[in-house]
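**Student:** This one is target-v4.csv, CSV, C-alpha atoms (C1' of nucleotides).
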```csv
chain,number,residue,atom,x,y,z
C,573,MET,CA,24.3,-74.5,-4.7
C,574,ASP,CA,26.9,-73.6,-7.3
C,575,GLN,CA,28.0,-70.8,-5.1
C,576,LEU,CA,29.4,-73.3,-2.7
C,577,HIS,CA,31.7,-74.8,-5.3
C,578,LEU,CA,35.4,-74.2,-4.7
C,579,GLN,CA,35.9,-73.1,-8.3
C,580,ASN,CA,33.4,-70.3,-7.9
C,581,GLN,CA,35.1,-68.6,-5.0
C,582,LEU,CA,37.3,-65.6,-5.3
C,583,CYS,CA,38.7,-66.3,-1.9
C,584,PHE,CA,40.3,-69.5,-2.9
C,585,PRO,CA,42.7,-68.4,-5.8
C,586,LEU,CA,43.6,-65.5,-3.6
C,587,TYR,CA,44.5,-67.8,-0.7
C,588,ALA,CA,46.3,-70.3,-2.9
C,589,LEU,CA,48.2,-67.7,-5.0
C,590,SER,CA,49.2,-65.8,-1.9
C,591,ARG,CA,50.9,-69.0,-0.5
C,592,GLN,CA,52.4,-69.9,-3.9
C,593,MET,CA,53.9,-66.4,-4.2
C,594,THR,CA,55.6,-66.7,-0.8
C,595,ALA,CA,56.8,-70.1,-2.0
C,596,LEU,CA,58.3,-68.4,-5.0
C,597,TYR,CA,60.2,-66.0,-2.7
C,598,ARG,CA,61.4,-68.8,-0.4
C,599,PRO,CA,64.5,-69.9,-2.3
C,600,TYR,CA,65.7,-66.3,-2.5
C,601,LEU,CA,64.8,-65.4,1.1
C,602,ASP,CA,66.4,-68.6,2.4
C,603,LYS,CA,69.7,-67.3,1.2
C,604,LEU,CA,69.2,-64.2,3.3
C,605,ASP,CA,67.9,-66.2,6.3
C,606,LEU,CA,64.6,-64.4,6.1
C,607,THR,CA,61.0,-65.6,6.2
C,608,TYR,CA,58.5,-63.8,4.0
C,609,PRO,CA,56.9,-61.7,6.8
C,610,GLN,CA,60.3,-60.8,8.0
C,611,TYR,CA,61.2,-59.7,4.4
C,612,LEU,CA,58.2,-57.4,4.5
C,613,VAL,CA,59.4,-55.9,7.8
C,614,MET,CA,62.8,-55.4,6.2
C,615,LEU,CA,61.2,-53.6,3.2
C,616,LEU,CA,59.6,-51.2,5.6
C,617,LEU,CA,62.8,-50.6,7.6
C,618,TRP,CA,64.9,-50.0,4.5
C,619,GLN,CA,62.5,-47.2,3.7
C,620,HIS,CA,62.0,-45.8,7.2
C,621,GLU,CA,64.8,-45.2,9.7
C,622,ARG,CA,62.8,-46.1,12.7
C,623,LEU,CA,59.3,-47.5,13.3
C,624,SER,CA,57.2,-48.5,16.3
C,625,ILE,CA,55.7,-52.0,16.4
C,626,LYS,CA,52.3,-50.3,16.1
C,627,GLU,CA,53.4,-48.6,12.9
C,628,ILE,CA,54.8,-51.8,11.4
C,629,GLY,CA,51.5,-53.5,12.3
C,630,CYS,CA,49.5,-50.8,10.6
C,631,GLU,CA,51.5,-51.1,7.4
C,632,LEU,CA,51.4,-54.9,7.3
C,633,TRP,CA,48.0,-55.4,8.9
C,634,LEU,CA,49.6,-57.6,11.6
C,635,ASP,CA,49.1,-57.4,15.4
C,636,SER,CA,51.5,-57.6,18.3
C,637,GLY,CA,50.8,-61.3,18.8
C,638,THR,CA,52.5,-61.9,15.4
C,639,LEU,CA,55.0,-59.1,15.4
C,640,THR,CA,56.4,-59.3,19.0
C,641,PRO,CA,57.9,-62.8,18.6
C,642,LEU,CA,58.8,-62.2,14.9
C,643,LEU,CA,60.8,-59.1,15.8
C,644,LYS,CA,62.5,-60.8,18.7
C,645,ARG,CA,63.7,-63.5,16.3
C,646,MET,CA,65.0,-60.8,14.0
C,647,GLU,CA,66.7,-59.2,17.0
C,648,GLU,CA,68.3,-62.5,17.8
C,649,THR,CA,69.6,-62.9,14.3
C,650,GLY,CA,71.1,-59.4,14.5
C,651,LEU,CA,69.0,-57.6,11.9
C,652,VAL,CA,67.1,-55.2,14.1
C,653,SER,CA,67.3,-53.6,17.5
C,654,ARG,CA,64.3,-53.0,19.7
C,655,VAL,CA,64.4,-49.9,22.0
C,656,ARG,CA,61.7,-48.8,24.3
C,657,CYS,CA,60.8,-45.1,23.8
C,658,LEU,CA,61.9,-42.9,26.6
C,659,GLN,CA,59.2,-40.3,26.2
C,660,ASP,CA,56.4,-42.9,26.1
C,661,GLU,CA,57.4,-46.2,27.6
C,662,ARG,CA,54.5,-48.1,26.0
C,663,ILE,CA,56.2,-47.7,22.6
C,664,VAL,CA,59.0,-49.9,21.3
C,665,HIS,CA,61.0,-48.5,18.4
C,666,VAL,CA,62.5,-50.9,15.9
C,667,GLN,CA,65.4,-50.0,13.7
C,668,LEU,CA,68.0,-51.8,11.6
C,669,THR,CA,71.4,-52.8,12.8
C,670,LYS,CA,74.4,-52.3,10.5
C,671,ASP,CA,73.9,-55.9,9.3
C,672,GLY,CA,70.3,-55.2,8.6
C,673,LYS,CA,71.1,-52.2,6.5
C,674,LEU,CA,73.8,-54.2,4.6
C,675,LEU,CA,71.3,-56.9,3.8
C,676,GLN,CA,69.6,-54.6,1.3
C,677,LYS,CA,72.4,-55.1,-1.1
C,678,LYS,CA,71.7,-58.9,-1.2
C,679,ALA,CA,68.0,-58.4,-1.6
C,680,ILE,CA,68.2,-55.9,-4.5
C,681,GLY,CA,67.7,-58.5,-7.2
C,682,ILE,CA,64.8,-60.3,-5.7
C,683,PRO,CA,61.9,-58.4,-7.2
C,684,ASP,CA,63.2,-58.9,-10.7
C,685,HIS,CA,63.7,-62.6,-10.2
C,686,ILE,CA,60.1,-63.0,-9.0
C,687,PHE,CA,58.8,-60.9,-11.8
C,688,SER,CA,60.5,-63.0,-14.4
C,689,GLU,CA,59.3,-66.2,-12.9
C,690,LEU,CA,55.7,-64.9,-12.9
C,691,SER,CA,56.0,-64.3,-16.6
C,692,ILE,CA,53.2,-61.7,-16.8
C,693,SER,CA,53.3,-58.3,-18.4
C,694,ASN,CA,54.3,-55.3,-16.5
C,695,SER,CA,50.9,-53.7,-17.2
C,696,GLN,CA,49.0,-56.7,-16.0
C,697,LEU,CA,51.1,-56.7,-12.9
C,698,LYS,CA,50.3,-53.1,-12.2
C,699,SER,CA,46.6,-53.4,-12.8
C,700,LEU,CA,46.3,-56.5,-10.7
C,701,LYS,CA,48.2,-54.8,-7.9
C,702,LYS,CA,45.9,-51.8,-8.1
C,703,GLU,CA,42.7,-54.0,-8.1
C,704,LEU,CA,43.9,-55.8,-5.0
C,705,SER,CA,45.0,-52.7,-3.2
C,706,ASP,CA,41.6,-51.0,-4.0
C,707,ILE,CA,39.7,-53.9,-2.4
C,708,LEU,CA,42.0,-53.8,0.5
C,709,ARG,CA,41.5,-50.1,1.0
C,710,LYS,CA,37.7,-50.7,0.9
C,711,LEU,CA,37.9,-53.3,3.6
C,712,GLU,CA,40.2,-51.1,5.7
C,713,LYS,CA,37.3,-48.7,6.3
C,714,LYS,CA,35.2,-51.2,8.1
S,1247,MET,CA,65.9,-49.3,-5.3
S,1248,ASP,CA,62.2,-48.4,-5.7
S,1249,GLN,CA,61.6,-52.1,-6.5
S,1250,LEU,CA,62.3,-52.8,-2.8
S,1251,HIS,CA,59.5,-50.5,-1.7
S,1252,LEU,CA,56.6,-52.2,-0.1
S,1253,GLN,CA,54.1,-50.3,-2.2
S,1254,ASN,CA,55.6,-51.6,-5.4
S,1255,GLN,CA,55.2,-55.3,-4.6
S,1256,LEU,CA,52.4,-57.4,-6.0
S,1257,CYS,CA,53.0,-60.0,-3.4
S,1258,PHE,CA,52.1,-57.7,-0.5
S,1259,PRO,CA,48.5,-56.8,-1.4
S,1260,LEU,CA,48.0,-60.4,-2.3
S,1261,TYR,CA,49.2,-61.5,1.1
S,1262,ALA,CA,47.3,-58.8,3.0
S,1263,LEU,CA,44.1,-59.2,1.1
S,1264,SER,CA,44.2,-63.0,1.4
S,1265,ARG,CA,44.3,-62.6,5.2
S,1266,GLN,CA,41.6,-59.9,5.2
S,1267,MET,CA,39.4,-62.1,3.1
S,1268,THR,CA,39.6,-64.9,5.6
S,1269,ALA,CA,38.9,-62.4,8.3
S,1270,LEU,CA,35.8,-61.5,6.4
S,1271,TYR,CA,34.7,-65.1,6.5
S,1272,ARG,CA,35.5,-65.6,10.1
S,1273,PRO,CA,32.3,-64.3,11.8
S,1274,TYR,CA,30.2,-66.6,9.5
S,1275,LEU,CA,32.5,-69.6,9.9
S,1276,ASP,CA,32.7,-69.2,13.6
S,1277,LYS,CA,29.0,-69.9,13.7
S,1278,LEU,CA,29.7,-73.2,12.0
S,1279,ASP,CA,32.7,-74.0,14.1
S,1280,LEU,CA,34.9,-74.0,11.0
S,1281,THR,CA,38.2,-72.4,10.2
S,1282,TYR,CA,38.8,-71.1,6.8
S,1283,PRO,CA,41.0,-74.0,5.5
S,1284,GLN,CA,38.4,-76.4,7.1
S,1285,TYR,CA,35.7,-74.6,5.1
S,1286,LEU,CA,37.6,-75.2,1.9
S,1287,VAL,CA,37.8,-78.9,2.8
S,1288,MET,CA,34.0,-78.8,3.3
S,1289,LEU,CA,33.4,-77.2,0.0
S,1290,LEU,CA,35.3,-80.0,-1.7
S,1291,LEU,CA,33.5,-82.7,0.3
S,1292,TRP,CA,30.1,-81.2,-0.5
S,1293,GLN,CA,31.0,-81.7,-4.1
S,1294,HIS,CA,32.7,-85.1,-3.9
S,1295,GLU,CA,31.4,-88.0,-2.0
S,1296,ARG,CA,34.9,-89.3,-1.0
S,1297,LEU,CA,38.4,-88.0,-1.4
S,1298,SER,CA,41.8,-89.1,-0.4
S,1299,ILE,CA,44.1,-86.8,1.6
S,1300,LYS,CA,46.3,-86.6,-1.5
S,1301,GLU,CA,43.4,-85.5,-3.6
S,1302,ILE,CA,42.4,-82.8,-1.1
S,1303,GLY,CA,46.0,-81.7,-1.0
S,1304,CYS,CA,46.1,-81.4,-4.8
S,1305,GLU,CA,43.0,-79.3,-4.9
S,1306,LEU,CA,43.9,-77.0,-2.1
S,1307,TRP,CA,47.7,-77.0,-2.7
S,1308,LEU,CA,48.3,-78.2,0.9
S,1309,ASP,CA,50.5,-81.0,2.1
S,1310,SER,CA,49.9,-83.8,4.6
S,1311,GLY,CA,51.7,-81.9,7.4
S,1312,THR,CA,48.8,-79.4,7.2
S,1313,LEU,CA,46.0,-81.7,6.3
S,1314,THR,CA,46.5,-84.6,8.6
S,1315,PRO,CA,46.1,-82.7,11.9
S,1316,LEU,CA,43.3,-80.5,10.3
S,1317,LEU,CA,41.3,-83.5,9.2
S,1318,LYS,CA,41.8,-85.2,12.6
S,1319,ARG,CA,40.3,-82.1,14.3
S,1320,MET,CA,37.4,-82.2,11.8
S,1321,GLU,CA,37.0,-85.9,12.7
S,1322,GLU,CA,36.9,-85.0,16.4
S,1323,THR,CA,34.2,-82.4,15.8
S,1324,GLY,CA,32.2,-85.0,14.0
S,1325,LEU,CA,32.2,-83.5,10.5
S,1326,VAL,CA,34.2,-86.1,8.6
S,1327,SER,CA,35.3,-89.7,8.9
S,1328,ARG,CA,38.8,-91.0,7.9
S,1329,VAL,CA,39.0,-94.5,6.7
S,1330,ARG,CA,42.1,-96.3,5.5
S,1331,CYS,CA,41.7,-97.8,2.1
S,1332,LEU,CA,41.5,-101.6,2.1
S,1333,GLN,CA,43.0,-102.1,-1.3
S,1334,ASP,CA,45.9,-99.7,-0.8
S,1335,GLU,CA,46.6,-99.1,2.9
S,1336,ARG,CA,48.8,-96.1,2.2
S,1337,ILE,CA,45.6,-94.2,1.3
S,1338,VAL,CA,43.2,-92.5,3.7
S,1339,HIS,CA,39.7,-91.8,2.4
S,1340,VAL,CA,37.9,-88.8,3.8
S,1341,GLN,CA,34.1,-88.4,3.7
S,1342,LEU,CA,31.4,-86.4,5.4
S,1343,THR,CA,29.4,-87.7,8.3
S,1344,LYS,CA,25.7,-87.0,8.4
S,1345,ASP,CA,26.4,-83.8,10.4
S,1346,GLY,CA,29.0,-82.8,7.9
S,1347,LYS,CA,26.4,-83.1,5.1
S,1348,LEU,CA,23.8,-81.2,7.1
S,1349,LEU,CA,26.2,-78.3,7.7
S,1350,GLN,CA,25.9,-77.3,4.0
S,1351,LYS,CA,22.4,-75.9,4.7
S,1352,LYS,CA,23.9,-73.5,7.2
S,1353,ALA,CA,26.7,-72.5,4.9
S,1354,ILE,CA,24.5,-71.8,1.9
S,1355,GLY,CA,24.3,-68.0,2.5
S,1356,ILE,CA,27.9,-67.4,3.1
S,1357,PRO,CA,29.1,-66.6,-0.4
S,1358,ASP,CA,26.4,-63.9,-0.9
S,1359,HIS,CA,27.2,-62.3,2.5
S,1360,ILE,CA,30.9,-62.1,1.5
S,1361,PHE,CA,30.1,-60.8,-1.9
S,1362,SER,CA,27.9,-58.0,-0.6
S,1363,GLU,CA,30.6,-57.0,2.0
S,1364,LEU,CA,33.2,-56.8,-0.8
S,1365,SER,CA,31.0,-54.4,-2.7
S,1366,ILE,CA,32.6,-55.0,-6.1
S,1367,SER,CA,30.8,-55.7,-9.3
S,1368,ASN,CA,30.1,-59.3,-10.4
S,1369,SER,CA,32.1,-58.7,-13.5
S,1370,GLN,CA,35.1,-57.4,-11.6
S,1371,LEU,CA,34.9,-60.3,-9.3
S,1372,LYS,CA,34.9,-62.8,-12.2
S,1373,SER,CA,37.8,-61.2,-14.0
S,1374,LEU,CA,39.9,-60.9,-10.9
S,1375,LYS,CA,39.2,-64.6,-10.1
S,1376,LYS,CA,40.3,-65.5,-13.6
S,1377,GLU,CA,43.5,-63.4,-13.5
S,1378,LEU,CA,44.5,-65.0,-10.2
S,1379,SER,CA,43.6,-68.5,-11.3
S,1380,ASP,CA,45.6,-68.0,-14.6
S,1381,ILE,CA,48.7,-67.0,-12.7
S,1382,LEU,CA,48.2,-69.9,-10.3
S,1383,ARG,CA,47.9,-72.3,-13.2
S,1384,LYS,CA,51.1,-71.0,-14.7
S,1385,LEU,CA,53.0,-71.5,-11.4
S,1386,GLU,CA,51.5,-75.0,-11.2
S,1387,LYS,CA,53.6,-76.1,-14.2
S,1388,LYS,CA,56.9,-75.5,-12.4
T,94,DT,C1',60.8,-113.6,-7.5
T,95,DT,C1',63.6,-110.6,-5.0
T,96,DT,C1',65.3,-106.0,-5.1
T,97,DT,C1',64.6,-101.4,-6.0
T,98,DT,C1',62.0,-97.5,-6.6
T,99,DA,C1',57.5,-94.8,-6.2
T,100,DT,C1',53.8,-93.3,-3.6
T,101,DT,C1',50.9,-92.0,0.4
T,102,DA,C1',50.4,-90.6,5.1
T,103,DA,C1',52.1,-89.6,9.4
T,104,DT,C1',55.3,-87.2,12.4
T,105,DT,C1',58.3,-83.5,14.1
T,106,DG,C1',59.9,-78.9,14.5
T,107,DT,C1',59.7,-73.9,13.3
T,108,DG,C1',57.3,-69.8,12.3
T,109,DC,C1',53.6,-67.3,11.4
T,110,DA,C1',48.4,-65.5,12.3
T,111,DC,C1',45.1,-64.1,15.4
T,112,DA,C1',41.8,-64.1,19.4
T,113,DA,C1',41.7,-63.1,24.1
T,114,DT,C1',43.7,-61.5,28.1
T,115,DC,C1',47.0,-58.9,30.8
T,116,DT,C1',50.2,-55.2,32.2
T,117,DA,C1',52.0,-50.8,32.3
T,118,DA,C1',51.9,-46.2,30.7
T,119,DT,C1',49.4,-42.2,29.1
T,120,DT,C1',45.4,-39.3,28.3
T,121,DT,C1',41.0,-37.7,29.3
T,122,DT,C1',37.4,-36.4,32.5
T,123,DG,C1',35.1,-35.0,36.4
P,573,DC,C1',44.3,-33.4,41.4
P,574,DA,C1',42.2,-38.6,41.2
P,575,DA,C1',39.4,-41.9,38.7
P,576,DA,C1',38.3,-43.7,34.4
P,577,DA,C1',39.3,-44.7,29.8
P,578,DT,C1',42.5,-45.4,26.2
P,579,DT,C1',46.7,-47.1,24.2
P,580,DA,C1',51.0,-50.0,23.1
P,581,DG,C1',52.9,-54.0,23.7
P,582,DA,C1',53.5,-58.7,25.7
P,583,DT,C1',51.6,-63.3,26.7
P,584,DT,C1',49.0,-67.5,26.1
P,585,DG,C1',46.7,-70.8,23.4
P,586,DT,C1',44.9,-72.7,19.0
P,587,DG,C1',45.4,-73.7,14.3
P,588,DC,C1',47.4,-73.4,10.2
P,589,DA,C1',51.7,-73.9,6.6
P,590,DC,C1',55.5,-76.2,5.2
P,591,DA,C1',60.2,-78.5,5.3
P,592,DA,C1',62.3,-82.7,6.5
P,593,DT,C1',62.1,-87.2,8.0
P,594,DT,C1',60.0,-91.8,8.6
P,595,DA,C1',57.1,-95.8,7.8
P,596,DA,C1',54.3,-98.6,5.2
P,597,DT,C1',52.7,-100.2,1.0
P,598,DA,C1',52.6,-101.0,-3.8
P,599,DA,C1',54.6,-101.1,-8.4
P,600,DA,C1',58.5,-101.7,-11.5
P,601,DA,C1',62.9,-103.6,-12.7
P,602,DA,C1',66.5,-106.9,-12.5
```
Mind turning the file's structure into structure tokens?

**Tutor:**
Amino acid sequence: MDQLHLQNQLCFPLYALSRQMTALYRPYLDKLDLTYPQYLVMLLLWQHERLSIKEIGCELWLDSGTLTPLLKRMEETGLVSRVRCLQDERIVHVQLTKDGKLLQKKAIGIPDHIFSELSISNSQLKSLKKELSDILRKLEKK
Amino acid sequence: MDQLHLQNQLCFPLYALSRQMTALYRPYLDKLDLTYPQYLVMLLLWQHERLSIKEIGCELWLDSGTLTPLLKRMEETGLVSRVRCLQDERIVHVQLTKDGKLLQKKAIGIPDHIFSELSISNSQLKSLKKELSDILRKLEKK
DNA sequence: TTTTTATTAATTGTGCACAATCTAATTTTG
DNA sequence: CAAAATTAGATTGTGCACAATTAATAAAAA
């Protein structure tokens, strides 16, 4: 019966910490008029010139039901443009506008702020990140 | 600039794994007509006879804007009853109905199923849970 | 005791998440 | 080629999350 105690679940601290982490980002992201999932999309687009919705979804593990309206909001706020591919009209390419590219300058300090607020060692951070990513990779194969 | 790469963020695997974990629970919870946050509420109420919404919120780190409608849905499906406290009418007490108590029998196997699907060692599970809980506790103080 | 301040829920509004379904375009097969 | 299957994205509907506001009650202070 102990297995059904909240304190014995892995899932719960994962769920709670995930939400608290996005709460930690919120004050910084509010200044950029970004939500946390939108910030993740921006991270991807600062790395890759152009991505399809499908590709963004694969990276972030999100489906079109989430991404389509999210990207439309980001288009409305002027951060990205959405262009249907000419060669294959099923595909929508997403890329940053000039404003979207410029926003990177304002975001540059965020990871350091978050890291200092977490007050854990760099090595613990890395090992934790690796553990979580390993589990994630295992689940991916199913 | 590397700090702004998706792969270098702790927050992202945390966010993605948290969602994948609830996806792992979904098939089992569907059979009980529960969502994942509802399951967390049930875990609490299987442990504690009666809790106020405030107390549930403290345990799960959720506010009334989330819990009020969630608990109303659970009341509609007949799992819990919501009773305003007579001594202090600001407080709403939540407790299980007979059906709610009986549902524990059907849930008893879930943690084992999840554990086996995760295919990680018991010791890794425990240390990971501890690490996450420690960080969570640190954030709590702010 | 009246006034002020705290606390507890409920409400409203926005933005995810995700299942399920649909449409249109492309690829594969026969 | 034409029919069938697959793929990419959009749409719809439900259920969280959470900020901000409101209402009701209780406790504390003047």

**Student:** Got a sec: who's within 8 Å of segment 588-602 of chain P, counting all atoms listed in the file, leaving out chain neighbours fewer than 4 positions off, as a list in words?

**Tutor:**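 Using all atoms listed in the file, the neighbours found are Pro1283, Leu1308, Asp1309, Gly1311, Thr1312, Asp1334, Glu1335 and Arg1336 of chain S; DT96, DT97, DT98, DA99, DT100 and DT104 of chain T.
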
**Student:** So the first atom is atom CA of Leu1364 of chain S and the second is atom CA of Lys1351 of chain S; what is the distance between them in Å, to one decimal place?

**Tutor:**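 Value for the atom CA of Leu1364 of chain S-atom CA of Lys1351 of chain S distance: 22.6 Å.
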
**Student:** Please give chain C as a compact mmCIF listing (two decimals) with C-alpha atoms, keeping the file's coordinate frame, after it has been superposed on chain S by least squares over all Cα atoms paired in order.

**Tutor:**
```
# COMPACT_ATOMS: atom_id res chain seq x y z
CA MET C 573 65.86 -49.17 -5.25
CA ASP C 574 62.20 -48.39 -5.77
CA GLN C 575 61.62 -52.01 -6.46
CA LEU C 576 62.27 -52.74 -2.85
CA HIS C 577 59.48 -50.48 -1.68
CA LEU C 578 56.53 -52.26 -0.09
CA GLN C 579 54.07 -50.28 -2.21
CA ASN C 580 55.62 -51.57 -5.40
CA GLN C 581 55.17 -55.24 -4.66
CA LEU C 582 52.41 -57.35 -6.01
CA CYS C 583 53.08 -59.91 -3.37
CA PHE C 584 52.09 -57.68 -0.56
CA PRO C 585 48.39 -56.74 -1.46
CA LEU C 586 47.95 -60.36 -2.32
CA TYR C 587 49.21 -61.47 1.10
CA ALA C 588 47.29 -58.79 2.96
CA LEU C 589 44.01 -59.21 1.01
CA SER C 590 44.19 -62.96 1.34
CA ARG C 591 44.28 -62.60 5.21
CA GLN C 592 41.61 -59.86 5.19
CA MET C 593 39.30 -62.08 3.11
CA THR C 594 39.62 -64.95 5.60
CA ALA C 595 38.92 -62.35 8.28
CA LEU C 596 35.77 -61.45 6.44
CA TYR C 597 34.67 -65.12 6.49
CA ARG C 598 35.52 -65.55 10.19
CA PRO C 599 32.30 -64.26 11.74
CA TYR C 600 30.26 -66.54 9.48
CA LEU C 601 32.53 -69.59 9.87
CA ASP C 602 32.66 -69.13 13.64
CA LYS C 603 28.98 -69.84 13.74
CA LEU C 604 29.61 -73.13 12.01
CA ASP C 605 32.68 -73.92 14.17
CA LEU C 606 34.86 -73.95 11.11
CA THR C 607 38.23 -72.38 10.32
CA TYR C 608 38.77 -71.09 6.81
CA PRO C 609 40.92 -74.05 5.60
CA GLN C 610 38.43 -76.39 7.06
CA TYR C 611 35.65 -74.52 5.14
CA LEU C 612 37.60 -75.16 1.97
CA VAL C 613 37.81 -78.88 2.79
CA MET C 614 34.07 -78.84 3.38
CA LEU C 615 33.47 -77.18 -0.04
CA LEU C 616 35.35 -80.00 -1.64
CA LEU C 617 33.49 -82.73 0.29
CA TRP C 618 30.08 -81.26 -0.46
CA GLN C 619 30.96 -81.66 -4.10
CA HIS C 620 32.72 -85.03 -3.95
CA GLU C 621 31.44 -88.03 -1.99
CA ARG C 622 34.80 -89.28 -1.01
CA LEU C 623 38.38 -87.99 -1.38
CA SER C 624 41.85 -89.15 -0.37
CA ILE C 625 44.06 -86.78 1.63
CA LYS C 626 46.31 -86.66 -1.45
CA GLU C 627 43.39 -85.49 -3.57
CA ILE C 628 42.33 -82.83 -1.07
CA GLY C 629 45.96 -81.66 -0.99
CA CYS C 630 46.10 -81.42 -4.74
CA GLU C 631 42.95 -79.31 -4.89
CA LEU C 632 43.98 -76.98 -2.07
CA TRP C 633 47.72 -77.02 -2.66
CA LEU C 634 48.28 -78.22 0.94
CA ASP C 635 50.49 -81.11 2.14
CA SER C 636 49.95 -83.85 4.68
CA GLY C 637 51.74 -81.87 7.39
CA THR C 638 48.82 -79.36 7.24
CA LEU C 639 46.01 -81.66 6.31
CA THR C 640 46.64 -84.67 8.65
CA PRO C 641 46.11 -82.70 11.90
CA LEU C 642 43.40 -80.46 10.31
CA LEU C 643 41.37 -83.49 9.29
CA LYS C 644 41.80 -85.16 12.64
CA ARG C 645 40.34 -82.06 14.28
CA MET C 646 37.43 -82.22 11.87
CA GLU C 647 37.05 -85.90 12.73
CA GLU C 648 36.97 -85.00 16.37
CA THR C 649 34.29 -82.43 15.84
CA GLY C 650 32.22 -85.03 13.97
CA LEU C 651 32.24 -83.54 10.47
CA VAL C 652 34.27 -86.14 8.64
CA SER C 653 35.34 -89.73 8.94
CA ARG C 654 38.75 -90.98 7.95
CA VAL C 655 38.98 -94.59 6.59
CA ARG C 656 42.06 -96.29 5.41
CA CYS C 657 41.60 -97.84 1.93
CA LEU C 658 41.47 -101.56 1.95
CA GLN C 659 42.85 -102.07 -1.52
CA ASP C 660 45.82 -99.74 -0.92
CA GLU C 661 46.57 -99.21 2.72
CA ARG C 662 48.71 -96.11 2.10
CA ILE C 663 45.53 -94.18 1.18
CA VAL C 664 43.14 -92.63 3.68
CA HIS C 665 39.70 -91.76 2.36
CA VAL C 666 37.86 -88.83 3.87
CA GLN C 667 34.13 -88.44 3.66
CA LEU C 668 31.41 -86.45 5.42
CA THR C 669 29.42 -87.68 8.34
CA LYS C 670 25.67 -87.00 8.44
CA ASP C 671 26.44 -83.83 10.45
CA GLY C 672 28.92 -82.76 7.87
CA LYS C 673 26.45 -83.13 5.08
CA LEU C 674 23.80 -81.21 7.12
CA LEU C 675 26.20 -78.35 7.64
CA GLN C 676 25.80 -77.34 4.00
CA LYS C 677 22.43 -75.95 4.73
CA LYS C 678 23.96 -73.46 7.26
CA ALA C 679 26.72 -72.47 4.92
CA ILE C 680 24.49 -71.77 1.88
CA GLY C 681 24.28 -68.04 2.49
CA ILE C 682 27.89 -67.37 3.09
CA PRO C 683 29.09 -66.58 -0.40
CA ASP C 684 26.43 -63.95 -0.86
CA HIS C 685 27.22 -62.29 2.43
CA ILE C 686 30.91 -62.03 1.49
CA PHE C 687 30.09 -60.78 -1.93
CA SER C 688 27.96 -58.00 -0.59
CA GLU C 689 30.52 -56.95 1.92
CA LEU C 690 33.18 -56.77 -0.83
CA SER C 691 30.98 -54.37 -2.70
CA ILE C 692 32.54 -55.01 -6.13
CA SER C 693 30.79 -55.80 -9.37
CA ASN C 694 30.10 -59.28 -10.38
CA SER C 695 32.18 -58.79 -13.55
CA GLN C 696 35.13 -57.45 -11.67
CA LEU C 697 34.88 -60.38 -9.34
CA LYS C 698 34.95 -62.82 -12.20
CA SER C 699 37.82 -61.21 -14.01
CA LEU C 700 39.90 -60.92 -10.90
CA LYS C 701 39.24 -64.56 -10.10
CA LYS C 702 40.27 -65.56 -13.60
CA GLU C 703 43.52 -63.43 -13.46
CA LEU C 704 44.49 -65.06 -10.20
CA SER C 705 43.64 -68.55 -11.28
CA ASP C 706 45.65 -68.04 -14.57
CA ILE C 707 48.76 -67.07 -12.60
CA LEU C 708 48.23 -69.95 -10.34
CA ARG C 709 47.92 -72.37 -13.20
CA LYS C 710 51.20 -70.95 -14.63
CA LEU C 711 53.02 -71.54 -11.40
CA GLU C 712 51.55 -75.04 -11.09
CA LYS C 713 53.64 -76.15 -14.08
CA LYS C 714 56.92 -75.51 -12.43
```

**Student:** Set the distance at 10 Å and use only C-alpha atoms (C1' of nucleotides): which residues neighbour segment 574-578 of chain P once local chain neighbours fewer than 2 positions away are removed? I'd like the list as number ranges by chain.

**Tutor:** T: 119-123

**Student:** Mind running chain P against chain C at 12 Å and telling me each contacting residue's nearest atom pair with the distance in Å (one decimal), counting all atoms listed in the file, chain and number ascending, as a tab-separated table?

**Tutor:**
```
residue	atom	partner	partner_atom	distance
P:DT579	C1'	C:Arg662	CA	8.1
P:DA580	C1'	C:Arg662	CA	4.9
P:DG581	C1'	C:Arg662	CA	6.5
P:DA582	C1'	C:Thr640	CA	7.3
P:DT583	C1'	C:Gly637	CA	8.2
P:DT584	C1'	C:Gly637	CA	9.7
P:DG585	C1'	C:Gly637	CA	11.3
P:DA589	C1'	C:Arg591	CA	8.7
P:DC590	C1'	C:Ala595	CA	9.5
P:DA591	C1'	C:Arg598	CA	11.3
```
